[in-house]
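Novice: Structure file my_file.csv (CSV, C-alpha atoms and all ligand atoms) right here:
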chain,number,residue,atom,x,y,z
A,24,MET,CA,-0.7,-2.3,-32.4
A,25,GLU,CA,-3.0,-5.2,-32.5
A,26,THR,CA,-3.5,-6.9,-29.1
A,27,GLN,CA,-1.9,-10.3,-29.8
A,28,LYS,CA,1.1,-8.7,-31.4
A,29,LEU,CA,1.5,-6.2,-28.6
A,30,MET,CA,1.6,-8.9,-26.0
A,31,GLU,CA,4.2,-10.8,-28.0
A,32,LYS,CA,6.4,-7.6,-28.3
A,33,SER,CA,6.0,-7.1,-24.6
A,34,GLN,CA,7.4,-10.5,-23.9
A,35,GLU,CA,10.2,-10.0,-26.4
A,36,HIS,CA,11.4,-6.6,-25.1
A,37,ILE,CA,10.4,-6.3,-21.5
A,38,CYS,CA,12.0,-8.2,-18.6
A,39,GLN,CA,9.7,-11.0,-17.7
A,40,THR,CA,9.3,-10.1,-14.0
A,41,TYR,CA,5.5,-10.0,-14.2
A,42,SER,CA,2.9,-12.6,-15.0
A,43,ARG,CA,0.3,-10.5,-16.7
A,44,PHE,CA,-3.3,-11.0,-17.7
A,45,ASN,CA,-4.0,-11.2,-21.4
A,46,VAL,CA,-5.4,-7.8,-21.8
A,47,VAL,CA,-4.1,-4.4,-23.1
A,48,MET,CA,-5.5,-1.5,-21.1
A,49,SER,CA,-5.9,1.8,-22.8
A,50,ARG,CA,-8.2,4.1,-21.0
A,51,GLY,CA,-9.6,4.6,-17.5
A,52,SER,CA,-12.3,6.8,-15.8
A,53,GLY,CA,-13.5,6.6,-12.3
A,54,CYS,CA,-14.0,2.9,-11.3
A,55,TYR,CA,-13.8,1.7,-15.0
A,56,LEU,CA,-11.1,0.7,-17.4
A,57,TRP,CA,-11.3,-0.1,-21.1
A,58,ASP,CA,-9.0,-2.3,-23.1
A,59,GLN,CA,-7.9,-1.4,-26.5
A,60,GLU,CA,-10.7,-3.4,-28.1
A,61,GLY,CA,-13.2,-1.3,-26.2
A,62,ARG,CA,-14.2,-3.9,-23.6
A,63,GLU,CA,-15.2,-2.3,-20.3
A,64,TYR,CA,-14.0,-3.5,-16.9
A,65,LEU,CA,-15.2,-2.6,-13.4
A,66,ASP,CA,-11.9,-2.1,-11.6
A,67,PHE,CA,-11.7,-3.4,-8.0
A,68,VAL,CA,-7.9,-3.4,-8.1
A,69,ALA,CA,-7.3,0.3,-8.6
A,70,GLY,CA,-3.7,-0.3,-9.7
A,71,ILE,CA,-3.1,-2.1,-6.4
A,72,ALA,CA,-4.5,0.5,-4.1
A,73,VAL,CA,-2.9,3.4,-6.0
A,74,CYS,CA,-5.8,5.1,-7.8
A,75,ASN,CA,-7.8,5.9,-4.7
A,76,LEU,CA,-9.6,8.7,-6.4
A,77,GLY,CA,-10.4,6.5,-9.4
A,78,HIS,CA,-8.8,6.7,-12.8
A,79,CYS,CA,-8.0,10.0,-14.3
A,80,PRO,CA,-10.0,12.3,-12.0
A,81,SER,CA,-10.4,15.6,-13.8
A,82,GLU,CA,-9.2,17.9,-11.1
A,83,VAL,CA,-6.0,15.9,-10.6
A,84,ALA,CA,-5.5,15.9,-14.4
A,85,GLN,CA,-5.9,19.6,-14.4
A,86,VAL,CA,-3.4,20.2,-11.7
A,87,LEU,CA,-0.9,17.8,-13.5
A,88,TYR,CA,-1.4,19.8,-16.7
A,89,GLU,CA,-1.0,23.2,-15.1
A,90,GLN,CA,2.0,22.2,-13.0
A,91,ALA,CA,3.7,20.6,-16.0
A,92,GLN,CA,3.5,24.0,-17.7
A,93,GLN,CA,4.8,25.9,-14.7
A,94,LEU,CA,7.6,23.8,-13.2
A,95,VAL,CA,8.3,20.1,-13.3
A,96,HIS,CA,11.7,19.5,-11.7
A,97,VAL,CA,14.6,21.5,-10.3
A,98,SER,CA,16.3,19.0,-7.9
A,99,ASN,CA,16.4,19.3,-4.2
A,100,LEU,CA,19.2,21.9,-4.4
A,101,TYR,CA,16.3,24.5,-4.3
A,102,TYR,CA,13.1,25.1,-2.4
A,103,THR,CA,9.7,24.7,-4.1
A,104,GLU,CA,6.3,25.6,-2.7
A,105,PRO,CA,4.2,22.5,-3.5
A,106,GLN,CA,6.7,20.3,-1.6
A,107,VAL,CA,6.5,22.4,1.5
A,108,LYS,CA,2.7,22.6,1.3
A,109,LEU,CA,2.5,18.8,1.1
A,110,ALA,CA,4.9,18.3,4.0
A,111,ARG,CA,2.8,20.6,6.1
A,112,SER,CA,-0.4,18.8,5.2
A,113,LEU,CA,1.0,15.4,5.9
A,114,THR,CA,2.6,16.3,9.2
A,115,GLY,CA,-0.4,18.3,10.2
A,116,ALA,CA,-2.5,15.1,9.9
A,117,CYS,CA,-0.5,12.7,12.0
A,118,PHE,CA,2.2,12.2,14.6
A,119,ALA,CA,5.0,13.3,12.4
A,120,ASP,CA,7.0,16.5,12.3
A,121,LYS,CA,9.1,15.9,9.2
A,122,VAL,CA,9.0,14.2,5.8
A,123,PHE,CA,11.5,12.8,3.4
A,124,PHE,CA,10.1,12.5,-0.2
A,125,CYS,CA,11.1,9.8,-2.6
A,126,ASN,CA,9.5,7.9,-5.5
A,127,SER,CA,8.2,4.5,-4.4
A,128,GLY,CA,7.2,2.4,-1.5
A,129,ALA,CA,10.5,0.5,-1.5
A,130,GLU,CA,12.4,3.8,-1.4
A,131,ALA,CA,10.3,5.0,1.5
A,132,ASN,CA,11.0,1.9,3.5
A,133,GLU,CA,14.7,2.1,2.5
A,134,ALA,CA,14.7,5.6,3.9
A,135,ALA,CA,13.0,4.4,7.1
A,136,LEU,CA,15.5,1.6,7.5
A,137,LYS,CA,18.5,3.9,6.9
A,138,LEU,CA,17.1,6.4,9.3
A,139,ALA,CA,16.5,3.8,12.0
A,140,ARG,CA,20.1,2.6,11.8
A,141,LYS,CA,21.5,6.1,11.8
A,142,TYR,CA,19.4,7.2,14.7
A,143,SER,CA,20.4,4.2,16.7
A,144,ARG,CA,24.1,4.8,15.9
A,145,MET,CA,23.8,8.4,16.9
A,146,ARG,CA,22.3,7.6,20.3
A,147,TYR,CA,24.0,4.3,21.1
A,148,GLY,CA,27.0,3.8,18.9
A,149,PRO,CA,27.6,1.0,16.5
A,150,GLY,CA,26.2,-2.6,16.7
A,151,ARG,CA,22.6,-1.8,17.1
A,152,TYR,CA,21.3,-2.1,13.6
A,153,GLY,CA,18.8,-5.1,13.6
A,154,VAL,CA,15.3,-4.8,12.5
A,155,ILE,CA,12.4,-7.1,13.4
A,156,SER,CA,9.7,-7.5,10.8
A,157,MET,CA,6.8,-9.9,10.4
A,158,LYS,CA,6.3,-13.2,8.6
A,159,ASN,CA,4.3,-12.8,5.4
A,160,SER,CA,5.0,-9.1,5.4
A,161,PHE,CA,5.8,-7.2,2.2
A,162,HIS,CA,8.1,-4.1,2.2
A,163,GLY,CA,9.5,-3.9,-1.3
A,164,ARG,CA,12.0,-5.3,-3.8
A,165,THR,CA,15.3,-3.4,-3.2
A,166,LEU,CA,17.9,-5.4,-1.4
A,167,ALA,CA,17.2,-3.9,2.1
A,168,THR,CA,13.4,-4.0,1.7
A,169,LEU,CA,13.3,-7.5,0.3
A,170,SER,CA,15.5,-8.5,3.3
A,171,ALA,CA,12.9,-6.8,5.5
A,172,THR,CA,10.1,-8.8,3.7
A,173,GLY,CA,9.2,-11.9,5.7
A,174,GLN,CA,8.7,-14.2,2.6
A,175,GLN,CA,11.1,-16.7,1.4
A,176,LYS,CA,9.9,-16.5,-2.2
A,177,VAL,CA,10.9,-12.8,-2.3
A,178,HIS,CA,14.5,-13.6,-1.1
A,179,GLU,CA,15.2,-16.5,-3.3
A,180,GLY,CA,18.2,-16.1,-5.6
A,181,PHE,CA,19.2,-12.7,-4.1
A,182,GLU,CA,21.1,-13.9,-1.1
A,183,PRO,CA,23.1,-12.9,0.8
A,184,LEU,CA,20.4,-10.7,2.3
A,185,VAL,CA,21.1,-7.4,4.0
A,186,ASP,CA,22.3,-8.2,7.5
A,187,GLY,CA,20.2,-7.8,10.6
A,188,PHE,CA,16.6,-8.8,9.8
A,189,ARG,CA,14.6,-11.2,11.9
A,190,TYR,CA,11.0,-12.3,11.2
A,191,VAL,CA,8.4,-12.9,13.9
A,192,ASP,CA,4.7,-13.9,13.8
A,193,PHE,CA,2.4,-11.1,13.0
A,194,ASN,CA,-0.2,-10.3,15.7
A,195,ARG,CA,1.8,-12.1,18.5
A,196,LEU,CA,3.3,-9.7,20.9
A,197,GLU,CA,5.4,-12.2,22.8
A,198,SER,CA,7.3,-13.1,19.7
A,199,VAL,CA,8.4,-9.5,19.2
A,200,ALA,CA,9.3,-9.1,22.8
A,201,ASP,CA,11.4,-12.3,22.7
A,202,ALA,CA,13.2,-11.3,19.5
A,203,ILE,CA,14.4,-7.8,20.6
A,204,ASP,CA,18.0,-7.8,21.9
A,205,ARG,CA,21.0,-5.5,22.2
A,206,THR,CA,21.3,-5.4,18.4
A,207,THR,CA,17.8,-4.2,17.6
A,208,CYS,CA,17.0,-0.7,16.4
A,209,ALA,CA,13.5,-1.0,15.0
A,210,VAL,CA,10.4,-3.0,14.6
A,211,LEU,CA,8.7,-2.7,11.2
A,212,VAL,CA,5.1,-3.6,10.7
A,213,GLU,CA,2.1,-3.1,8.4
A,214,PRO,CA,-0.9,-1.9,10.4
A,215,ILE,CA,-2.9,-4.3,8.1
A,216,GLN,CA,-0.9,-6.9,6.1
A,217,GLY,CA,-1.9,-6.3,2.5
A,218,GLU,CA,0.0,-8.8,0.3
A,219,GLY,CA,0.0,-11.2,3.3
A,220,GLY,CA,-3.7,-11.7,2.8
A,221,VAL,CA,-5.5,-8.7,4.3
A,222,ILE,CA,-4.7,-9.6,7.9
A,223,VAL,CA,-6.1,-7.1,10.4
A,224,PRO,CA,-4.3,-7.3,13.8
A,225,ASP,CA,-6.1,-7.7,17.1
A,226,GLU,CA,-7.3,-4.5,18.7
A,227,ASP,CA,-4.5,-4.1,21.2
A,228,TYR,CA,-1.6,-5.3,19.0
A,229,LEU,CA,-0.3,-1.9,17.9
A,230,ALA,CA,-0.6,-0.5,21.4
A,231,GLY,CA,1.3,-3.6,22.6
A,232,LEU,CA,4.1,-3.0,20.1
A,233,ARG,CA,4.3,0.6,21.0
A,234,GLU,CA,4.7,-0.3,24.6
A,235,ILE,CA,7.4,-2.9,23.9
A,236,CYS,CA,9.3,-0.5,21.6
A,237,SER,CA,9.1,2.5,23.9
A,238,ARG,CA,10.4,0.5,26.8
A,239,GLN,CA,13.6,-0.4,25.0
A,240,ASP,CA,13.9,2.7,22.8
A,241,VAL,CA,13.5,0.6,19.7
A,242,LEU,CA,11.8,2.6,16.9
A,243,LEU,CA,8.4,1.5,15.7
A,244,ILE,CA,8.0,1.8,12.0
A,245,TYR,CA,4.6,1.5,10.2
A,246,ASP,CA,4.5,0.6,6.6
A,247,GLU,CA,1.3,2.3,5.5
A,248,ILE,CA,2.2,2.2,1.8
A,249,GLN,CA,-0.9,0.1,0.9
A,250,VAL,CA,-3.3,1.1,3.7
A,251,GLY,CA,-2.6,4.8,4.1
A,252,MET,CA,-4.2,7.7,2.3
A,253,GLY,CA,-7.8,6.9,3.2
A,254,ARG,CA,-7.9,3.2,2.2
A,255,THR,CA,-9.3,2.0,5.6
A,256,GLY,CA,-11.6,4.9,6.2
A,257,LYS,CA,-9.1,6.9,8.2
A,258,LEU,CA,-6.3,9.0,6.6
A,259,PHE,CA,-3.8,6.5,8.0
A,260,ALA,CA,-4.7,3.0,9.1
A,261,HIS,CA,-3.1,3.2,12.5
A,262,GLN,CA,-5.4,6.1,13.4
A,263,HIS,CA,-8.1,3.5,14.0
A,264,GLU,CA,-6.1,2.4,17.1
A,265,ASN,CA,-4.6,5.8,17.7
A,266,VAL,CA,-1.2,4.4,18.4
A,267,ALA,CA,1.6,6.5,16.9
A,268,PRO,CA,4.8,5.1,15.4
A,269,ASP,CA,8.2,6.8,15.3
A,270,ILE,CA,8.4,6.4,11.5
A,271,MET,CA,5.7,5.9,8.9
A,272,THR,CA,6.1,5.2,5.2
A,273,LEU,CA,3.7,6.1,2.4
A,274,ALA,CA,3.6,5.6,-1.4
A,275,LYS,CA,1.0,3.9,-3.6
A,276,ALA,CA,-2.0,6.3,-3.4
A,277,LEU,CA,-0.1,9.5,-2.4
A,278,ALA,CA,-0.3,11.0,-5.9
A,279,ASN,CA,-3.0,8.7,-7.3
A,280,GLY,CA,-0.6,7.0,-9.7
A,281,ILE,CA,2.1,9.6,-10.3
A,282,PRO,CA,5.0,7.7,-8.7
A,283,MET,CA,5.7,9.0,-5.2
A,284,GLY,CA,6.8,7.9,-1.8
A,285,ALA,CA,7.3,9.5,1.6
A,286,MET,CA,8.9,8.7,4.9
A,287,LEU,CA,7.5,10.6,7.9
A,288,THR,CA,9.0,10.9,11.3
A,289,THR,CA,9.4,12.9,14.5
A,290,ASP,CA,11.8,15.8,15.1
A,291,VAL,CA,13.7,13.7,17.5
A,292,VAL,CA,14.4,10.9,15.1
A,293,ALA,CA,14.8,13.1,12.1
A,294,GLU,CA,17.9,14.6,13.8
A,295,ALA,CA,19.8,11.6,12.5
A,296,PHE,CA,19.3,12.7,9.0
A,297,THR,CA,21.7,15.6,8.3
A,298,PRO,CA,22.6,17.3,5.0
A,299,GLY,CA,24.2,14.7,2.7
A,300,SER,CA,23.1,11.6,4.7
A,301,HIS,CA,20.2,10.7,2.3
A,302,ALA,CA,18.9,12.0,-0.9
A,303,SER,CA,16.8,11.4,-4.0
A,304,THR,CA,17.1,13.3,-7.3
A,305,PHE,CA,13.4,13.0,-8.1
A,306,GLY,CA,12.1,13.1,-4.5
A,307,GLY,CA,9.2,15.5,-4.1
A,308,THR,CA,9.4,17.3,-7.4
A,309,PRO,CA,7.0,20.3,-7.9
A,310,LEU,CA,5.0,18.1,-10.3
A,311,VAL,CA,4.3,15.1,-8.0
A,312,THR,CA,3.8,17.2,-4.9
A,313,ALA,CA,1.4,19.5,-6.7
A,314,VAL,CA,-0.6,16.4,-7.7
A,315,ALA,CA,-0.3,14.9,-4.2
A,316,ASN,CA,-1.6,18.2,-2.7
A,317,GLU,CA,-4.7,17.9,-4.8
A,318,VAL,CA,-5.1,14.2,-3.8
A,319,PHE,CA,-4.7,15.2,-0.1
A,320,ARG,CA,-7.3,18.0,-0.5
A,321,GLN,CA,-9.9,15.6,-2.0
A,322,ILE,CA,-9.3,12.9,0.6
A,323,SER,CA,-9.5,15.5,3.4
A,324,GLN,CA,-12.8,16.9,2.2
A,325,ASP,CA,-15.7,16.8,4.7
A,326,GLY,CA,-17.4,13.4,4.6
A,327,PHE,CA,-14.9,11.7,2.3
A,328,LEU,CA,-13.5,9.3,4.8
A,329,ASP,CA,-17.0,8.8,6.4
A,330,ARG,CA,-18.1,7.6,3.0
A,331,VAL,CA,-15.2,5.2,2.7
A,332,ARG,CA,-16.2,3.7,6.1
A,333,SER,CA,-19.8,3.4,5.2
A,334,MET,CA,-19.2,2.0,1.7
A,335,GLY,CA,-16.7,-0.4,3.2
A,336,ALA,CA,-19.2,-1.6,5.7
A,337,TYR,CA,-21.8,-2.0,2.9
A,338,PHE,CA,-19.4,-4.0,0.7
A,339,ARG,CA,-18.4,-6.1,3.6
A,340,ASP,CA,-22.0,-6.9,4.3
A,341,GLN,CA,-22.5,-8.1,0.7
A,342,LEU,CA,-19.4,-10.3,1.0
A,343,LEU,CA,-20.6,-11.7,4.3
A,344,ALA,CA,-23.9,-12.5,2.7
A,345,LEU,CA,-22.0,-14.5,0.1
A,346,GLN,CA,-20.1,-16.3,2.9
A,347,GLU,CA,-23.4,-17.4,4.4
A,348,LYS,CA,-24.4,-19.0,1.1
A,349,TYR,CA,-21.1,-20.6,0.0
A,350,SER,CA,-19.3,-22.8,2.5
A,351,PHE,CA,-16.0,-22.6,0.6
A,352,ILE,CA,-15.7,-19.0,1.7
A,353,ARG,CA,-13.6,-19.2,4.9
A,354,GLU,CA,-13.5,-15.7,6.0
A,355,VAL,CA,-14.3,-12.1,5.0
A,356,ARG,CA,-12.0,-9.5,6.6
A,357,GLY,CA,-10.5,-6.1,6.3
A,358,ARG,CA,-11.3,-2.5,7.1
A,359,GLY,CA,-12.8,0.3,5.0
A,360,LEU,CA,-12.2,-0.5,1.4
A,361,ILE,CA,-9.4,-3.0,1.7
A,362,LEU,CA,-11.3,-6.3,2.0
A,363,GLY,CA,-10.2,-9.8,1.7
A,364,MET,CA,-12.2,-13.0,1.1
A,365,GLU,CA,-10.4,-16.2,2.0
A,366,LEU,CA,-11.4,-19.3,0.1
A,367,GLU,CA,-10.7,-22.9,0.7
A,368,PHE,CA,-8.9,-23.1,-2.7
A,369,PRO,CA,-6.6,-21.0,-4.8
A,370,GLY,CA,-8.3,-17.8,-5.9
A,371,SER,CA,-6.7,-17.4,-9.4
A,372,GLU,CA,-9.5,-19.1,-11.2
A,373,VAL,CA,-12.1,-16.7,-9.7
A,374,VAL,CA,-9.9,-13.8,-10.7
A,375,SER,CA,-9.9,-15.0,-14.3
A,376,LEU,CA,-13.6,-15.7,-14.3
A,377,CYS,CA,-14.3,-12.2,-13.0
A,378,GLN,CA,-12.2,-10.7,-15.8
A,379,GLU,CA,-14.2,-12.7,-18.3
A,380,ARG,CA,-17.3,-11.1,-16.9
A,381,GLY,CA,-15.8,-7.6,-17.0
A,382,ALA,CA,-14.6,-7.2,-13.4
A,383,LEU,CA,-11.0,-6.9,-12.1
A,384,ILE,CA,-10.1,-8.2,-8.7
A,385,ASN,CA,-6.9,-9.5,-7.3
A,386,CYS,CA,-5.7,-12.6,-5.4
A,387,THR,CA,-3.0,-12.6,-2.8
A,388,ALA,CA,-1.5,-15.1,-0.4
A,389,GLU,CA,-2.9,-17.7,-2.9
A,390,LYS,CA,-6.3,-18.1,-1.4
A,391,VAL,CA,-7.4,-14.6,-0.6
A,392,LEU,CA,-9.4,-12.5,-3.0
A,393,ARG,CA,-8.4,-9.0,-2.3
A,394,PHE,CA,-10.8,-6.1,-3.1
A,395,LEU,CA,-9.2,-2.6,-3.5
A,396,PRO,CA,-11.8,-0.5,-5.3
A,397,PRO,CA,-11.2,3.2,-5.9
A,398,LEU,CA,-12.4,5.0,-2.7
A,399,ILE,CA,-15.1,6.8,-4.8
A,400,VAL,CA,-16.8,3.5,-5.5
A,401,THR,CA,-20.6,3.6,-5.4
A,402,ARG,CA,-23.2,1.1,-4.1
A,403,LYS,CA,-24.2,0.4,-7.7
A,404,GLU,CA,-20.7,-0.7,-8.5
A,405,VAL,CA,-20.3,-2.8,-5.3
A,406,ASP,CA,-23.6,-4.5,-6.2
A,407,ARG,CA,-22.4,-5.2,-9.7
A,408,LEU,CA,-19.2,-6.8,-8.4
A,409,THR,CA,-21.1,-8.8,-5.9
A,410,GLU,CA,-23.5,-10.1,-8.6
A,411,ILE,CA,-20.5,-11.1,-10.7
A,412,LEU,CA,-18.9,-13.0,-7.8
A,413,GLU,CA,-22.2,-14.7,-7.1
A,414,ALA,CA,-22.6,-15.8,-10.7
A,415,ILE,CA,-19.2,-17.4,-10.5
A,416,PHE,CA,-19.6,-19.0,-7.1
A,417,VAL,CA,-22.9,-20.5,-7.9
A,418,GLN,CA,-21.2,-22.6,-10.6
A,419,MET,CA,-18.3,-23.7,-8.4
B,501,LIG,C1,3.4,-2.0,-2.6
B,501,LIG,C2,4.0,-2.0,-1.2
B,501,LIG,C3,5.4,-1.8,-1.0
B,501,LIG,C4,6.4,-1.5,-2.2
B,501,LIG,O1,6.1,-0.4,-2.9
B,501,LIG,P1,6.8,-0.2,-4.3
B,501,LIG,O2,6.3,1.2,-4.7
B,501,LIG,O3,6.3,-1.2,-5.2
B,501,LIG,O4,8.2,-0.2,-4.1
B,501,LIG,C5,5.9,-1.8,0.3
B,501,LIG,N1,5.1,-2.1,1.3
B,501,LIG,C6,3.8,-2.3,1.1
B,501,LIG,C7,2.9,-2.6,2.3
B,501,LIG,C8,3.2,-2.3,-0.1
B,501,LIG,O5,1.9,-2.6,-0.3
Take the structure I supplied and represent it as structure tokens, if you would.
Ligand SMILES: *Cc1c(COP(=O)(O)O)cnc(C)c1O

Specialist:
Amino acid sequence: METQKLMEKSQEHICQTYSRFNVVMSRGSGCYLWDQEGREYLDFVAGIAVCNLGHCPSEVAQVLYEQAQQLVHVSNLYYTEPQVKLARSLTGACFADKVFFCNSGAEANEAALKLARKYSRMRYGPGRYGVISMKNSFHGRTLATLSATGQQKVHEGFEPLVDGFRYVDFNRLESVADAIDRTTCAVLVEPIQGEGGVIVPDEDYLAGLREICSRQDVLLIYDEIQVGMGRTGKLFAHQHENVAPDIMTLAKALANGIPMGAMLTTDVVAEAFTPGSHASTFGGTPLVTAVANEVFRQISQDGFLDRVRSMGAYFRDQLLALQEKYSFIREVRGRGLILGMELEFPGSEVVSLCQERGALINCTAEKVLRFLPPLIVTRKEVDRLTEILEAIFVQM
């Protein structure tokens, strides 16, 4: 279908929940996308931190193809090997002992919130169900996860929200300590706020949260949906600080674009989940877990995360060099290959101009250009993106 017509039909037949760019994407490879008219784009969005290994990596495609011929889905009434293998890999790489598999970030957070409530009830009885989350956080669009999200615009029109959520300032320990009371069962936080504008917390923030939570037996939940799976140069973002949570959620990059989520926790907390207390028809199918096993294998290869860290540092240096030149760049921040550039004005025009010049970037929190290239990005590609940005900035 011709591009203009296709966009019209999309508007006619698809719920208008997204404002999209005027482009129809049809093919991807590595750090590049092509629209259906054959135009090439350098992709520094990676499907919003999903395609960490780039578009259509051949080994992942091969695993997908082979598993699709062997076994796709049987439900969780039965055991399957790829699921167990993935659970062992994930738990072997962090604080967790157990995993619950699901299909998206919101579902992973939903599982975390349900588990926190149930654990608290098992230990302390009813009434202790409150969750403290952060202002400008993002945790998903289901009723519970939008209630957990500390942004008015995500709540609007869906009230009444799920009961028990309170929002405090990110990166301010006192506000968490003040907000915890007899009704609190958990604190939910992104180790780096993604949608909130790539906000990296102070060095001792997670340790401080851990201490406050442990003292009151309140569960600490990390939402690593955007920053996990190697994005920051460690497998999980909180591993930079080495402060373990009680529960962690993953999704986006877990299977490089095949929909998947996971909620990880300790044996002690997992006791609250008993047969029948939570479930997902599609959670952890042999197909998605086989793909995720391949993704995990690649990210875990020797030198992979070192390369993410060094490429991130290189990219950051290029962005800092731009900041030196252009006074309207307020700040460059981030870790590994999630980088943000805060401007003095809304970033949407820069995003459009980048697209015109064949590069895809994203803007969040209105004024923050967010860069989320595939983790396999090279210097050449970083340089090209930087040149495109410079060509735009010089005219602003
Ligand atoms: C994307 C995201 C979610 C929601 O994930 P979905 O798969 O869209 O439900 C939750 N938390 C964070 C931090 C995210 O970046």

Novice: Which one is closest to ligand LIG 501 (chain B): A:Lys108, A:Lys390, A:Arg205, A:Arg164? Count all atoms listed in the file.

Specialist: A:Arg164

Novice: Please compute the atom O1 of ligand LIG 501 (chain B)-atom CA of A:Ser127 distance, one decimal, in Å.

Specialist: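 Straight-line distance from atom O1 of ligand LIG 501 (chain B) to atom CA of A:Ser127 works out to 5.5 Å.
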
Novice: Set the distance at 6 Å and use all atoms listed in the file: which residues neighbour stretch 326-337 of chain A once local chain neighbours fewer than 6 positions away are removed? I'd like the list as a ChimeraX atom specification.

Specialist: /A:256,359-360

Novice: For A:Ala171, work out the shell of residues within 12 Å, counting all atoms listed in the file and skipping chain neighbours fewer than 3 positions away, then give it as a count of residues only.

Specialist: 40

Novice: Counting only C-alpha atoms, I want the residues whose atoms come within 10 Å of (16.1, 11.1, -10.4) in the file frame, returned as JSON, numbers by chain.

Specialist: {"A": [96, 98, 125, 126, 302, 303, 304, 305, 306, 308]}

Novice: Which residue out of A:Gly280, A:Gly363, A:Pro309, A:Gly299 has the minimum interatomic distance to ligand LIG 501 (chain B) when all atoms listed in the file are used?

Specialist: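 Closest residue, counting all atoms listed in the file: A:Gly280.
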
Novice: Using all atoms listed in the file for the distances, tell me which of A:Arg320, A:Lys403, A:His263, A:Arg254 is nearest to ligand LIG 501 (chain B).

Specialist: A:Arg254

Novice: Tell me which protein, DNA and RNA residues are within 12 Å of A:Leu94, counting only C-alpha atoms, leaving out same-chain ones fewer than 6 positions away, and put them as a ChimeraX atom specification.

Specialist: /A:86-88,103-105,308-313

Novice: Between atom CA of A:Gly115 and atom CA of A:Val223, what is the spacing in Å?

Specialist: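 Atom-to-atom, atom CA of A:Val223 to atom CA of A:Gly115, that is 26.0 Å.
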
Novice: Contacts of stretch 352-356 of chain A at 7 Å or less, counting only C-alpha atoms, minus same-chain residues fewer than 3 places along, as a list in words?

Specialist: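 Close residues of stretch 352-356 of chain A: Val221, Leu342, Leu343, Gln346, Tyr349, Leu362, Gly363, Met364, Glu365, Leu366 and Glu367 of chain A.
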
Novice: To one decimal place in Å, what is the distance between atom CA of A:Arg111 and atom CA of A:Ala69?

Specialist: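 Taking atom CA of A:Arg111 as the start and atom CA of A:Ala69 as the end point, the length is 27.0 Å.
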
Novice: Of the residues A:Gly61, A:Pro282, A:Pro268, A:Gly220, which is the one nearest to ligand LIG 501 (chain B), using all atoms listed in the file?

Specialist: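 Of A:Gly61, A:Pro282, A:Pro268, A:Gly220, the one nearest ligand LIG 501 (chain B) is A:Pro282, counting all atoms listed in the file.
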
Novice: Out of A:Pro183, A:Gly53, A:Gly231, A:Gly128, which residue has the shortest atom-to-atom distance to A:Leu196 when counting only C-alpha atoms?

Specialist: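 Looking only at the distances to A:Leu196, the closest residue turns out to be A:Gly231.
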
Novice: Go through A:Asp227, A:Glu60, A:Asp269, A:Glu218 one by one, measure the shortest atom-to-atom distance of each to A:Val250 using only C-alpha atoms, and give the residue with the smallest value.

Specialist: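 Closest to A:Val250, using only C-alpha atoms: A:Glu218.
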
Novice: Residues around (-16.1, -3.5, -12.7), cut-off 8 Å, counting all atoms listed in the file - what are they as a PDB file with C-alpha atoms, in the frame of the given file?

Specialist:
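Result written to result_33.pdb:
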ATOM      1  CA  CYS A  54     -14.000   2.900 -11.300  1.00  0.00           C
ATOM      2  CA  TYR A  55     -13.800   1.700 -15.000  1.00  0.00           C
ATOM      3  CA  GLU A  63     -15.200  -2.300 -20.300  1.00  0.00           C
ATOM      4  CA  TYR A  64     -14.000  -3.500 -16.900  1.00  0.00           C
ATOM      5  CA  LEU A  65     -15.200  -2.600 -13.400  1.00  0.00           C
ATOM      6  CA  ASP A  66     -11.900  -2.100 -11.600  1.00  0.00           C
ATOM      7  CA  PHE A  67     -11.700  -3.400  -8.000  1.00  0.00           C
ATOM      8  CA  GLY A 381     -15.800  -7.600 -17.000  1.00  0.00           C
ATOM      9  CA  ALA A 382     -14.600  -7.200 -13.400  1.00  0.00           C
ATOM     10  CA  LEU A 383     -11.000  -6.900 -12.100  1.00  0.00           C
ATOM     11  CA  GLU A 404     -20.700  -0.700  -8.500  1.00  0.00           C
ATOM     12  CA  ARG A 407     -22.400  -5.200  -9.700  1.00  0.00           C
ATOM     13  CA  LEU A 408     -19.200  -6.800  -8.400  1.00  0.00           C
TER      14      LEU A 408
END

Novice: Which residues are close to A:Arg62, i.e. within 12 Å by all atoms listed in the file, leaving aside same-chain residues fewer than 3 positions away? Reply as number ranges by chain.

Specialist: A: 46-51, 55-59, 65, 378-382
